[in-house]
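Heads up, entry-v1.txt below (compact mmCIF, C-alpha atoms and all ligand atoms):
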# COMPACT_ATOMS: atom_id res chain seq x y z
CA MET K 706 96.29 85.64 86.91
CA GLY K 707 95.42 88.98 88.44
CA SER K 708 97.23 91.33 90.83
CA GLU K 709 95.98 94.36 92.71
CA HIS K 710 97.98 97.33 93.89
CA TYR K 711 97.22 100.75 95.35
CA GLU K 712 99.48 103.41 93.82
CA ASN K 713 98.93 106.90 95.29
CA GLY K 714 95.39 105.87 96.12
CA MET K 715 94.68 104.49 92.64
CA ASN K 716 93.60 100.88 92.62
CA ILE K 717 95.47 99.23 89.75
CA VAL K 718 94.54 95.67 88.82
CA VAL K 719 96.66 93.80 86.28
CA ARG K 720 95.19 90.79 84.48
CA PRO K 721 95.49 88.98 81.16
CA ALA K 722 93.44 90.57 78.39
CA ASP K 723 90.11 88.94 77.48
CA PRO K 724 88.67 88.81 73.96
CA GLU K 725 85.96 91.28 75.06
CA ASP K 726 88.66 93.85 75.89
CA ALA K 727 89.49 94.25 72.19
CA ALA K 728 87.61 97.52 71.57
CA SER K 729 88.90 99.16 74.77
CA ILE K 730 92.47 98.10 73.98
CA LYS K 731 92.19 99.51 70.46
CA ALA K 732 90.98 102.85 71.85
CA LEU K 733 93.69 102.89 74.51
CA ASN K 734 96.41 102.08 71.98
CA ALA K 735 95.28 104.94 69.74
CA LEU K 736 95.52 107.35 72.66
CA SER K 737 98.70 106.06 74.25
CA MET K 738 100.67 105.60 71.01
CA ALA K 739 99.75 109.11 69.80
CA THR K 740 102.61 110.36 71.98
CA LEU K 741 105.09 108.13 70.18
CA ARG K 742 103.69 108.79 66.72
CA LYS K 743 104.79 112.42 67.02
CA ILE K 744 108.35 111.05 66.99
CA TYR K 745 108.29 107.90 64.86
CA ARG K 746 106.10 105.21 63.32
CA PRO K 747 106.89 101.56 62.59
CA ASN K 748 107.88 100.98 58.96
CA LYS K 749 106.67 98.12 56.75
CA ALA K 750 109.41 95.74 57.97
CA ALA K 751 108.34 96.34 61.58
CA LEU K 752 104.66 95.78 60.79
CA ASP K 753 105.52 92.59 58.86
CA ASN K 754 107.56 91.33 61.83
CA LYS K 755 104.71 92.05 64.20
CA SER K 756 102.26 90.16 61.99
CA LEU K 757 104.59 87.15 62.05
CA LEU K 758 104.68 87.31 65.84
CA ALA K 759 100.92 87.80 66.28
CA ALA K 760 100.17 84.16 67.06
CA CYS K 761 102.61 84.03 70.00
CA LEU K 762 101.83 87.40 71.56
CA ASN K 763 100.18 87.56 74.97
CA ARG K 764 98.66 90.69 76.46
CA LEU K 765 98.16 92.12 79.94
CA VAL K 766 95.85 94.97 80.81
CA ALA K 767 95.95 97.26 83.83
CA THR K 768 92.59 98.52 85.04
CA SER K 769 91.49 101.23 87.44
CA GLU K 770 87.86 101.18 88.60
CA GLY K 771 87.17 98.72 85.80
CA GLN K 772 88.59 101.00 83.07
CA ILE K 773 91.52 99.70 81.02
CA VAL K 774 94.24 102.28 81.56
CA GLY K 775 97.36 100.42 80.42
CA THR K 776 98.48 97.47 78.37
CA VAL K 777 101.57 95.55 77.34
CA GLN K 778 102.34 92.52 75.15
CA TRP K 779 104.87 89.76 75.71
CA TYR K 780 106.17 86.50 74.31
CA LYS K 781 108.70 83.95 75.45
CA GLU K 782 111.88 83.41 73.47
CA ASP K 783 114.23 80.91 75.13
CA GLU K 784 115.30 82.52 78.42
CA LEU K 785 113.87 85.89 77.49
CA LEU K 786 110.45 87.40 78.02
CA ARG K 787 110.23 89.85 75.12
CA VAL K 788 108.13 92.90 75.91
CA MET K 789 106.32 95.10 73.35
CA GLY K 790 103.70 97.78 73.03
CA LEU K 791 103.67 99.17 76.55
CA GLY K 792 101.16 102.00 76.69
CA VAL K 793 99.31 103.90 79.42
CA HIS K 794 96.31 106.21 78.95
CA PRO K 795 97.53 109.84 79.00
CA ASP K 796 95.20 110.69 81.93
CA PHE K 797 96.68 107.91 84.04
CA ARG K 798 100.40 108.47 83.54
CA ARG K 799 102.91 108.90 86.34
CA TRP K 800 100.68 106.84 88.68
CA GLY K 801 102.77 103.68 88.54
CA VAL K 802 100.66 101.83 85.94
CA ALA K 803 103.68 100.94 83.77
CA ARG K 804 105.62 99.93 86.85
CA GLU K 805 102.80 97.62 87.89
CA LEU K 806 102.61 96.05 84.40
CA VAL K 807 106.35 95.45 84.47
CA ALA K 808 106.15 93.92 87.93
CA SER K 809 103.52 91.50 86.61
CA LEU K 810 105.76 90.68 83.62
CA CYS K 811 108.53 89.87 86.06
CA LEU K 812 106.29 87.34 87.81
CA ILE K 813 105.18 85.83 84.50
CA GLY K 814 108.80 85.63 83.40
CA GLN K 815 109.76 83.79 86.54
CA GLU K 816 106.80 81.41 86.19
CA GLN K 817 107.77 80.76 82.56
CA GLY K 818 111.40 80.03 83.45
CA ALA K 819 112.78 83.17 81.84
CA THR K 820 115.76 84.96 83.35
CA ARG K 821 115.35 88.41 81.79
CA LEU K 822 112.81 90.84 80.36
CA ARG K 823 114.03 92.40 77.13
CA LEU K 824 112.70 95.23 74.97
CA TYR K 825 113.51 97.69 72.22
CA THR K 826 112.86 101.37 72.55
CA VAL K 827 113.60 104.35 70.35
CA LYS K 828 116.13 106.65 71.94
CA GLU K 829 114.58 109.82 70.51
CA THR K 830 111.37 109.19 72.52
CA GLY K 831 113.27 109.84 75.75
CA ASN K 832 112.10 106.47 77.09
CA VAL K 833 115.59 105.05 77.80
CA GLY K 834 115.72 106.93 81.11
CA LEU K 835 112.19 105.86 82.00
CA PHE K 836 113.01 102.19 81.42
CA ALA K 837 116.21 102.63 83.43
CA ARG K 838 114.01 103.74 86.34
CA LEU K 839 112.08 100.50 85.85
CA GLY K 840 115.26 98.45 86.24
CA PHE K 841 116.31 98.03 82.62
CA LEU K 842 119.91 98.29 81.50
CA VAL K 843 121.08 99.28 78.02
CA LEU K 844 122.47 96.33 76.06
CA SER K 845 123.12 97.98 72.70
CA GLU K 846 122.31 100.90 70.44
CA ARG K 847 122.16 100.99 66.66
CA GLU K 848 120.54 102.80 63.78
CA ASP K 849 116.87 101.88 63.79
CA GLN K 850 115.93 99.96 60.62
CA PHE K 851 112.32 99.49 61.70
CA SER K 852 111.06 103.03 62.26
CA GLU K 853 110.51 106.13 60.18
CA SER K 854 110.02 109.71 61.19
CA ASP K 855 109.00 113.05 59.74
CA HIS K 856 111.23 114.81 62.25
CA TYR K 857 114.43 112.77 62.46
CA SER K 858 116.61 111.73 59.53
CA MET K 859 117.89 108.86 61.65
CA LEU K 860 116.45 107.10 64.70
CA THR K 861 118.30 105.03 67.27
CA GLU K 862 117.05 101.64 68.42
CA VAL K 863 118.09 100.80 71.97
CA GLU K 864 117.86 97.27 73.31
CA MET K 865 117.34 97.06 77.06
CA GLU K 866 117.16 94.20 79.52
CA ARG K 867 116.00 93.64 83.06
CA PRO K 868 117.17 90.63 85.08
CA LEU K 869 114.40 88.72 86.83
CA THR K 870 116.20 88.10 90.08
CA GLY K 871 114.79 89.85 93.14
CA CYS K 872 111.46 90.87 91.61
CA ALA K 873 108.89 92.02 94.17
CA SER K 874 105.26 90.97 94.01
CA PRO K 875 103.21 93.50 92.03
CA SER K 876 100.63 93.58 94.81
CA SER K 877 103.22 94.67 97.38
CA SER K 878 106.08 97.10 96.95
CA PRO K 879 107.10 97.59 93.34
CA PRO K 880 110.50 96.45 92.09
CA ALA K 881 113.32 98.94 92.57
CA SER K 882 113.77 99.50 89.21
CA THR K 883 111.42 97.24 82.62
CA LEU K 884 110.29 97.33 77.18
CA GLY K 885 108.61 97.57 73.22
CA ASN K 886 108.87 99.93 70.37
CA PHE K 887 105.53 99.61 68.58
C1 LIG M 901 105.96 105.26 78.87
C2 LIG M 901 104.67 105.05 79.63
C3 LIG M 901 104.15 103.63 79.34
C4 LIG M 901 104.94 105.20 81.16
O1 LIG M 901 103.75 104.85 81.85
P1 LIG M 901 103.44 105.39 83.34
O2 LIG M 901 102.36 104.55 83.90
O3 LIG M 901 103.22 106.85 83.30
O4 LIG M 901 104.82 105.08 84.09
P2 LIG M 901 104.98 104.93 85.69
O5 LIG M 901 104.08 105.90 86.37
O6 LIG M 901 104.85 103.51 86.07
O7 LIG M 901 106.46 105.42 85.88
C5 LIG M 901 107.55 104.51 85.88
C6 LIG M 901 108.83 105.29 86.14
O8 LIG M 901 109.14 106.09 85.00
C7 LIG M 901 109.17 107.46 85.37
N1 LIG M 901 108.52 108.21 84.31
C8 LIG M 901 107.26 108.03 83.83
N2 LIG M 901 107.00 108.90 82.84
C9 LIG M 901 108.12 109.65 82.71
C10 LIG M 901 108.47 110.73 81.85
N3 LIG M 901 107.62 111.23 80.92
N4 LIG M 901 109.71 111.25 81.98
C11 LIG M 901 110.57 110.77 82.89
N5 LIG M 901 110.30 109.75 83.74
C12 LIG M 901 109.09 109.21 83.65
C13 LIG M 901 108.38 107.56 86.66
O9 LIG M 901 108.82 108.66 87.43
C14 LIG M 901 108.67 106.24 87.32
O10 LIG M 901 109.92 106.23 87.97
P3 LIG M 901 110.00 106.48 89.57
O11 LIG M 901 108.97 105.56 90.17
O12 LIG M 901 111.39 106.07 89.86
O13 LIG M 901 109.67 107.90 89.78
C15 LIG M 901 103.60 106.11 79.22
O14 LIG M 901 104.16 107.39 79.39
C16 LIG M 901 103.15 105.96 77.78
O15 LIG M 901 102.19 105.23 77.50
N6 LIG M 901 103.83 106.66 76.85
C17 LIG M 901 103.49 106.58 75.41
C18 LIG M 901 103.81 105.20 74.85
C19 LIG M 901 105.26 104.80 75.10
O16 LIG M 901 106.17 105.61 75.07
N7 LIG M 901 105.45 103.49 75.35
C20 LIG M 901 106.77 102.90 75.47
C21 LIG M 901 107.16 102.29 74.14
S1 LIG M 901 108.86 101.80 74.14
Could you take the file, read its structure, and then write that structure out as C-alpha cells?
Amino acid sequence: MGSEHYENGMNIVVRPADPEDAASIKALNALSMATLRKIYRPNKAALDNKSLLAACLNRLVATSEGQIVGTVQWYKEDELLRVMGLGVHPDFRRWGVARELVASLCLIGQEQGATRLRLYTVKETGNVGLFARLGFLVLSEREDQFSESDHYSMLTEVEMERPLTGCASPSSSPPASTLGNF
C-alpha cells in the first residue's frame, strides 16, 4: 500500500513501514514525542500495555522527498481500528502530514472491515481540538491512569472516535475532518 498527495507543494507519500526504517523511525519518534514529553510521559502500566500489544501493532510512515517525516501505529480490535503514536517531525508540522496519515488509516480501516478509528489523547496536550479538526469526536474523559507529569498533579485521558463513512482517498482531497497517547 502506498498513497501520494501534494499538500501545499509538499509531496507526501504514505506507506507501511519497512524493517529498514527502524533507525529513522526511532529518531523521528525522539523528535516528535519531545513536544509531548514536556507535558506527560507514559507510566509503567502504559509501557507494560504497549509491550503486550507489540506483536499486533502495524505502522505507517509518511515521507517527503524520501525522508520519513511522520508515523503512526494501528491495530484492529473488532470493529475498531485503534490508533497510537501519531507523530510528525517538528520541521514538517502544519503541512497536512497527520491528516494524510489519518486518511490512509481510514482506507485501511475500511479494507479491514472496521467502522471507526479510535484513539486516546491527553487533554492537557491541547490535542483534542486538533483531532476534532481531523474528524474525531469525544467519547469520554476520565482521570488518566497511564500517564505521569512533572507539571500536572492530574492528567485527563480523552477517548476520541472517527466514523469511517465518507472517507476520501488520501491521494485526492483530504477528509473533512482522526488518535494515540504514547
Ligand atoms: C499532533 C501532530 C501529529 C500534528 O501533525 P501535523 O502534520 O502538523 O498536522 P496537520 O498539518 O495534518 O494538521 C491537521 C489539522 O490539525 C490542525 N493543527 C495542527 N497542529 C495544530 C496545533 N498545534 N494547534 C492547533 N491546530 C493544529 C491543523 O490546522 C489541521 O487542521 P485544518 O486542516 O483544519 O487546518 C504533530 O503536531 C506532532 O507530532 N505533535 C507531537 C506529538 C503528538 O502530539 N502526537 C499526538 C499524540 S495523541
8 Å from ligand LIG 901 (chain M) is the threshold here; counting only C-alpha atoms and all ligand atoms, which polymer residues fall inside it? Answer as a PDB file with C-alpha atoms, in the coordinates of the input.
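out_0.pdb, written as the output of this step:
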ATOM      1  CA  SER K 737      98.700 106.060  74.250  1.00  0.00           C
ATOM      2  CA  MET K 738     100.670 105.600  71.010  1.00  0.00           C
ATOM      3  CA  ALA K 739      99.750 109.110  69.800  1.00  0.00           C
ATOM      4  CA  THR K 740     102.610 110.360  71.980  1.00  0.00           C
ATOM      5  CA  LEU K 741     105.090 108.130  70.180  1.00  0.00           C
ATOM      6  CA  GLY K 775      97.360 100.420  80.420  1.00  0.00           C
ATOM      7  CA  MET K 789     106.320  95.100  73.350  1.00  0.00           C
ATOM      8  CA  GLY K 790     103.700  97.780  73.030  1.00  0.00           C
ATOM      9  CA  LEU K 791     103.670  99.170  76.550  1.00  0.00           C
ATOM     10  CA  GLY K 792     101.160 102.000  76.690  1.00  0.00           C
ATOM     11  CA  VAL K 793      99.310 103.900  79.420  1.00  0.00           C
ATOM     12  CA  HIS K 794      96.310 106.210  78.950  1.00  0.00           C
ATOM     13  CA  PRO K 795      97.530 109.840  79.000  1.00  0.00           C
ATOM     14  CA  PHE K 797      96.680 107.910  84.040  1.00  0.00           C
ATOM     15  CA  ARG K 798     100.400 108.470  83.540  1.00  0.00           C
ATOM     16  CA  ARG K 799     102.910 108.900  86.340  1.00  0.00           C
ATOM     17  CA  TRP K 800     100.680 106.840  88.680  1.00  0.00           C
ATOM     18  CA  GLY K 801     102.770 103.680  88.540  1.00  0.00           C
ATOM     19  CA  VAL K 802     100.660 101.830  85.940  1.00  0.00           C
ATOM     20  CA  ALA K 803     103.680 100.940  83.770  1.00  0.00           C
ATOM     21  CA  ARG K 804     105.620  99.930  86.850  1.00  0.00           C
ATOM     22  CA  GLU K 805     102.800  97.620  87.890  1.00  0.00           C
ATOM     23  CA  LEU K 806     102.610  96.050  84.400  1.00  0.00           C
ATOM     24  CA  LEU K 824     112.700  95.230  74.970  1.00  0.00           C
ATOM     25  CA  TYR K 825     113.510  97.690  72.220  1.00  0.00           C
ATOM     26  CA  THR K 826     112.860 101.370  72.550  1.00  0.00           C
ATOM     27  CA  VAL K 827     113.600 104.350  70.350  1.00  0.00           C
ATOM     28  CA  THR K 830     111.370 109.190  72.520  1.00  0.00           C
ATOM     29  CA  GLY K 831     113.270 109.840  75.750  1.00  0.00           C
ATOM     30  CA  ASN K 832     112.100 106.470  77.090  1.00  0.00           C
ATOM     31  CA  GLY K 834     115.720 106.930  81.110  1.00  0.00           C
ATOM     32  CA  LEU K 835     112.190 105.860  82.000  1.00  0.00           C
ATOM     33  CA  PHE K 836     113.010 102.190  81.420  1.00  0.00           C
ATOM     34  CA  ARG K 838     114.010 103.740  86.340  1.00  0.00           C
ATOM     35  CA  LEU K 839     112.080 100.500  85.850  1.00  0.00           C
ATOM     36  CA  ALA K 881     113.320  98.940  92.570  1.00  0.00           C
ATOM     37  CA  SER K 882     113.770  99.500  89.210  1.00  0.00           C
ATOM     38  CA  LEU K 884     110.290  97.330  77.180  1.00  0.00           C
ATOM     39  CA  GLY K 885     108.610  97.570  73.220  1.00  0.00           C
ATOM     40  CA  ASN K 886     108.870  99.930  70.370  1.00  0.00           C
ATOM     41  CA  PHE K 887     105.530  99.610  68.580  1.00  0.00           C
TER      42      PHE K 887
END
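Our summary of the geometry notes that atom CA of K:Pro868 is positioned 7.8 Å from atom CA of K:Phe841.
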Within 12 Å of K:Leu758 using only C-alpha atoms, minus same-chain residues under 6 positions, as an mmCIF file with C-alpha atoms, keeping the file's coordinate frame:
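Full text of selection-v2.cif as output:
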data_model
loop_
_atom_site.group_PDB
_atom_site.id
_atom_site.type_symbol
_atom_site.label_atom_id
_atom_site.label_comp_id
_atom_site.auth_asym_id
_atom_site.auth_seq_id
_atom_site.Cartn_x
_atom_site.Cartn_y
_atom_site.Cartn_z
ATOM 1 C CA ALA K 751 108.340 96.340 61.580
ATOM 2 C CA LEU K 752 104.660 95.780 60.790
ATOM 3 C CA GLN K 778 102.340 92.520 75.150
ATOM 4 C CA TRP K 779 104.870 89.760 75.710
ATOM 5 C CA TYR K 780 106.170 86.500 74.310
ATOM 6 C CA LYS K 781 108.700 83.950 75.450
ATOM 7 C CA GLU K 782 111.880 83.410 73.470
ATOM 8 C CA ARG K 787 110.230 89.850 75.120
ATOM 9 C CA MET K 789 106.320 95.100 73.350
#
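The spacing separating atom CA of K:Leu765 from atom CA of K:Leu736 amounts to 17.1 Å.
Using only C-alpha atoms, the smallest distance between any of K:Leu810, K:Ala735, K:Leu842, K:Ile744 and K:Thr861 comes from K:Ile744.
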Legend entry - Shell around K:Cys811 at 7 Å using all atoms listed in the file, local window under 4 positions removed, as a PyMOL selection string: chain K and resi 807+815+869+872
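Using only C-alpha atoms, the nearest neighbour of K:Met859 within the list K:Ser809, K:Val774, K:Gln817, K:Tyr745 is K:Tyr745.
When all atoms listed in the file are used to compute distances to K:Ala727, the closest of the residues K:Leu785, K:Cys761, K:Ala750, K:Ile773 turns out to be K:Ile773.
The spacing separating atom CA of K:Ser708 from atom CA of K:Val777 amounts to 14.8 Å.
The smallest atom-to-atom distance between K:Ser852 and any of K:His710, K:Lys828, K:Val788, K:Asn716, using only C-alpha atoms, is found for K:Lys828.
Using only C-alpha atoms, the smallest distance between any of K:Lys749, K:Ala760, K:Lys731, K:Glu829 and K:Ser858 comes from K:Glu829.
Among the candidate residues K:Thr776, K:Asn754, K:Gln850, K:Thr870, the one lying nearest to K:Asp726 is K:Thr776, with distances computed using all atoms listed in the file.
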